[in-house]
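Asks: Right, I'll just put the structure down here and ask away after.
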Amino acid sequence: MPSDYPETHVASVRDLLDVYVVCRTYGHSWDDDNNAEYSTIFSWTVALRCERCSTRKIEAMNNIGEVIYRRYQYPAQFRVSANRQGERVTRAQMRLELMRRRVLARRRVGRAPKMPTKGTKLVLLEGELA
Ligand SMILES: [Zn+2]
C-alpha cells in the first residue's frame, strides 16, 4: 500500500534508519541552534537540533516563559505511515524494534544473548542498553 507521504514516511518500523529508531525510542539529543534564535516584542523563538538525527524543534515562548508555539521538522523518512486502521507506531513498538536490531547485531558478531527459559531472571548489566 503506497504511503500518502512517500518522501517523509516509511511503511514500517523495519524501514527506519537505526538512528531514527534510537531517537524514537529514547528521545532526541537536543542541542541549541543558536543561529535560529530571534525575538519580538511578544515572543522569543528558539530552535533546537537533534545531534543524532537532525530533527529540528522550533519553540516560541511568551514573556512569562510559557510555550505558545512548537513545531518539529523531521528528516525524510523519519516517520512511519499509519496502518490501514489509522493506528500510529507506539513507543513500545519502537523499543521492540530497537531490541530486535540489537539482538541481530550481536548475532552477527557472535555475541547472541541466550534465550531466557522458564524461571530465568532477566538482569540487565550496567550499560546493557546504552
Ligand atoms: Zn533525534
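Please note that chains go A, B, ... in the order of the C-alpha cells, that every chain numbers its residues from 1, and that ligands are numbered from 1 in the order shown.
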For Thr40 (chain A), list every protein, DNA or RNA residue within 10 Å, evaluated using only C-alpha atoms, and leave out those in the same chain fewer than 3 positions away; present the list as a ChimeraX atom specification.
Replies: /A:43-45,62-63
Asks: Skipping near chain neighbours, those fewer than 3 positions away, what residues fall within 12 Å of region 75-87 of chain A using only C-alpha atoms, listed as a PyMOL selection string?
Replies: chain A and resi 1-24+49-50+52-57+72+90+93-94
Asks: Rounded to one decimal, what separation in Å do you get between CA of Gly27 (chain A) and CA of Tyr69 (chain A)?
Replies: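 Spanning CA of Gly27 (chain A) to CA of Tyr69 (chain A) is a straight-line distance of 19.8 Å.
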Asks: Measuring between only C-alpha atoms and all ligand atoms, which one of A:Asp31, A:Glu59, A:Glu97, A:Glu51 shows the shortest distance to ligand 1?
Replies: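 Ranking A:Asp31, A:Glu59, A:Glu97, A:Glu51 by distance to ligand 1, first place goes to A:Glu51.
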